[in-house]
Amino acid sequence: MMALVLVGMLSLAGVVSADSAWLGTVPVTTLTGTVTGNVNVTFANTWNSDNPVDNDNTTGAFTLPTNEISNVQFARLYVVPYTGNMTEAWNGTLTVKLYRNNVGNVTLVENQPLDLVYVNTTGTVCDSTISVPPFTSTTNGLCRVTSDYVSIFDVKDYINQSDIKLYISTTNVSGRFDGRIKEAKLVYGWNADNGATTRYWINEGQDPSTYYDDAYTADTVFAVPSGGTVSSATLYTDDIASANGAYQWNYDTVTPTTTLGSNSYARLNKFTLATNTINLGQENSLTYDRYGTNKWYKLGVAVLKITYSS
């Protein structure tokens with residue numbers, strides 16, 4: 001029995017990217033809320049440097065501190081299969097399983113068709129047949145932009161032990177479907193007794209910045225409510241392309257630290273933001289662009305967490 005659903009990704013209305021050659025979707029907030037513990041983002045490097053072209057079998061692992069798994073409030077797992085071509089309709093399938101010692105294994109999806117056709121003048125294409133509960137997004141959690149799929153899983157009910165192992169496999173159905181997995185990433189938050197109040201925003205999309213439109217920049221925004229005293233602020237970005245980006249927070253340049261385990265085609269960046277740069281009661285903006293080299297950039301997910309002292 002399928003115990004998990006692929007969940008909602010983003011509302012496409014009004015957020016299509018403006019890169020004139022390769023359209024995508026600017027990340028928008030699909031999940032926000034408050035926890036009394038904290039929010040964390042972990043990255044598993046699943047990339048295979050050898051080109052299998054046809055299929056891939058890969059594993060990844062997340063090790064979470066035991067105090068973070070006792071009262072999980074949300075958990076989203078992202079898996080990014082690579083098709084091998086920007087626009088070709090090469091088809092494959094995706095299987096994702098969780099292996100959990102002494103708890104039982106879970107099949108998240110098995111032989112999910114990867115058969116979406118991306119057209120660069122049309123933009124993001126999603127599978128409209130996939131169920132979206134329990135989140136409130138109005139579109140679905142399997143979407144393709146250029147050569148990448150992003151699939152999103154709700155794994156809240158399965159984060160109940162410290163060591164979580166992933167098994168991911170793809171198969172080729174037609175054409176020269178590549179099948180390698182660029183990354184797997186887990187975003188989760190938990191409650192803790194006597195913990196500080198932490199508010200979070202998860203912005204999801206797939207927005208490329210290419211050398212065909214070298215002037216292209218975009219903003220993904222976080223609507224921070226008024227009230228409270230900010231004690232810390234952290235931002236994460238998940239880039240699924242061959243180059244990192246250039247960034248501004250509320251239009252001032254910021255530089256990330258790229259986390260260990262990132263690879264040549266996907267990376268997790270972490271920004272420690274000054275508390276006085278958080279505009280309470282307003283929209284806060286992360287501006288992103290490519291460096292201006294001959295490499296492309298694509299933003300998939302941005303996560304903001306703010307901890308309050310009062």
# chains A, B, ... in the order shown; residues from 1 in each chain; ligands from 1
>>> select_by_dssp(residues="region 44-265 of chain A", states="strand (DSSP E or B)", output="ChimeraX atom specification")
/A:44,55-63,72-82,91-99,106-114,119,123,125-126,142-145,148-154,163-174,181-190,197-209,218-224,230-239,245-249,252-254,257-258,263
>>> residues_around(residues="Pro225 (chain A)", least_positions_apart="2", cutoff="10 Å", atoms="only C-alpha atoms", output="list in words")
Arg199, Phe222, Ala223, Gly227, Gly228, Asn279, Leu280, Gly281, Gln282 and Glu283 of chain A
>>> write_last_selection(atoms="N, CA and C atoms", output="PDB file, in the first residue's frame")
ATOM      1  N   ARG A 199       9.960  30.615  13.718  1.00  0.00           N
ATOM      2  CA  ARG A 199       9.036  30.668  12.592  1.00  0.00           C
ATOM      3  C   ARG A 199       9.811  30.313  11.323  1.00  0.00           C
ATOM      4  N   PHE A 222       9.655  36.450   1.469  1.00  0.00           N
ATOM      5  CA  PHE A 222       9.179  35.860   2.714  1.00  0.00           C
ATOM      6  C   PHE A 222       8.422  36.947   3.472  1.00  0.00           C
ATOM      7  N   ALA A 223       7.151  36.739   3.709  1.00  0.00           N
ATOM      8  CA  ALA A 223       6.329  37.723   4.404  1.00  0.00           C
ATOM      9  C   ALA A 223       6.457  37.498   5.908  1.00  0.00           C
ATOM     10  N   GLY A 227       5.971  42.063  15.228  1.00  0.00           N
ATOM     11  CA  GLY A 227       5.933  41.579  16.596  1.00  0.00           C
ATOM     12  C   GLY A 227       7.102  40.678  16.928  1.00  0.00           C
ATOM     13  N   GLY A 228       7.516  40.724  18.206  1.00  0.00           N
ATOM     14  CA  GLY A 228       8.603  39.889  18.686  1.00  0.00           C
ATOM     15  C   GLY A 228       9.962  40.507  18.445  1.00  0.00           C
ATOM     16  N   ASN A 279      13.104  42.574   8.152  1.00  0.00           N
ATOM     17  CA  ASN A 279      12.078  43.613   8.168  1.00  0.00           C
ATOM     18  C   ASN A 279      10.769  43.021   8.671  1.00  0.00           C
ATOM     19  N   LEU A 280      10.436  43.314   9.923  1.00  0.00           N
ATOM     20  CA  LEU A 280       9.207  42.799  10.517  1.00  0.00           C
ATOM     21  C   LEU A 280       8.008  43.509   9.923  1.00  0.00           C
ATOM     22  N   GLY A 281       6.949  42.735   9.704  1.00  0.00           N
ATOM     23  CA  GLY A 281       5.731  43.298   9.155  1.00  0.00           C
ATOM     24  C   GLY A 281       5.811  43.622   7.684  1.00  0.00           C
ATOM     25  N   GLN A 282       6.823  43.066   6.978  1.00  0.00           N
ATOM     26  CA  GLN A 282       7.021  43.362   5.564  1.00  0.00           C
ATOM     27  C   GLN A 282       7.464  42.107   4.820  1.00  0.00           C
ATOM     28  N   GLU A 283       7.475  42.212   3.507  1.00  0.00           N
ATOM     29  CA  GLU A 283       8.075  41.173   2.697  1.00  0.00           C
ATOM     30  C   GLU A 283       9.591  41.354   2.690  1.00  0.00           C
TER      31      GLU A 283
END
>>> atom_distance(atom1="CA of Lys295 (chain A)", atom2="CA of Gly60 (chain A)")
26.7 Å
>>> residues_around(residues="Arg267 (chain A)", least_positions_apart="5", cutoff="6 Å", atoms="only C-alpha atoms", output="number ranges by chain")
A: 238-239, 262
>>> closest_residue(among="A:Asp207, A:Asp19, A:Asp148, A:Asp154", to="Asn85 (chain A)", atoms="only C-alpha atoms")
A:Asp148
>>> select_by_dssp(residues="region 5-222 of chain A", states="helix (DSSP H, G or I)", output="list in words")
Thr66, Asn67, Glu68, Lys156, Asp157, Tyr158, Tyr211, Tyr212 and Asp213 of chain A
>>> write_last_selection(atoms="N, CA and C atoms", output="short mmCIF file (atom, residue, chain, number, x, y, z; two decimals), in the first residue's frame")
data_model
loop_
_atom_site.label_atom_id
_atom_site.label_comp_id
_atom_site.auth_asym_id
_atom_site.auth_seq_id
_atom_site.Cartn_x
_atom_site.Cartn_y
_atom_site.Cartn_z
N THR A 66 19.06 12.73 18.06
CA THR A 66 17.87 12.07 18.60
C THR A 66 16.87 13.05 19.20
N ASN A 67 17.34 14.19 19.70
CA ASN A 67 16.41 15.15 20.29
C ASN A 67 15.58 15.86 19.24
N GLU A 68 15.93 15.70 17.95
CA GLU A 68 15.19 16.37 16.89
C GLU A 68 14.09 15.51 16.30
N LYS A 156 6.77 13.29 7.33
CA LYS A 156 6.62 13.62 8.75
C LYS A 156 6.41 12.38 9.61
N ASP A 157 5.56 11.47 9.17
CA ASP A 157 5.21 10.32 9.99
C ASP A 157 6.30 9.26 10.04
N TYR A 158 7.39 9.45 9.27
CA TYR A 158 8.44 8.44 9.21
C TYR A 158 9.75 8.90 9.81
N TYR A 211 22.64 32.02 -19.61
CA TYR A 211 23.42 33.02 -20.34
C TYR A 211 22.70 33.52 -21.58
N TYR A 212 21.53 32.94 -21.90
CA TYR A 212 20.73 33.48 -22.99
C TYR A 212 19.99 34.76 -22.56
N ASP A 213 19.90 34.96 -21.25
CA ASP A 213 19.31 36.19 -20.71
C ASP A 213 20.19 36.62 -19.55
#
>>> closest_atom_pairs(of="region 126-237 of chain A", to="region 97-113 of chain A", cutoff="6 Å", atoms="only C-alpha atoms", output="tab-separated table")
residue	atom	partner	partner_atom	distance
A:Ile164	CA	A:Arg100	CA	5.8
A:Lys165	CA	A:Tyr99	CA	5.1
A:Leu166	CA	A:Leu98	CA	4.9
A:Tyr167	CA	A:Lys97	CA	5.1
>>> write_last_selection(atoms="N, CA and C atoms", output="tab-separated table (two decimals), in the first residue's frame")
chain	number	residue	atom	x	y	z
A	164	ILE	N	18.38	7.63	8.96
A	164	ILE	CA	17.41	7.44	7.88
A	164	ILE	C	18.19	7.20	6.60
A	165	LYS	N	17.96	6.07	5.97
A	165	LYS	CA	18.65	5.75	4.73
A	165	LYS	C	17.66	5.76	3.57
A	166	LEU	N	18.14	6.24	2.43
A	166	LEU	CA	17.33	6.32	1.23
A	166	LEU	C	17.83	5.32	0.20
A	167	TYR	N	16.90	4.71	-0.50
A	167	TYR	CA	17.23	3.96	-1.71
A	167	TYR	C	16.46	4.60	-2.85
>>> closest_residue(among="A:Ala215, A:Ile168, A:Val155, A:Leu186", to="Phe43 (chain A)", atoms="only C-alpha atoms")
A:Leu186
>>> residues_around(residues="Thr59 (chain A)", least_positions_apart="2", cutoff="12 Å", atoms="only C-alpha atoms", output="list of chain:residue names")
A:Ala44, A:Asn45, A:Thr46, A:Trp47, A:Asn48, A:Asp56, A:Asn57, A:Ala61, A:Phe62, A:Val79, A:Thr95, A:Val96, A:Lys97, A:Leu98, A:Tyr99, A:Ile164, A:Lys165, A:Leu166, A:Tyr167, A:Ile168, A:Ser169, A:Thr170, A:Arg180, A:Ile181, A:Lys182, A:Glu183, A:Ala184
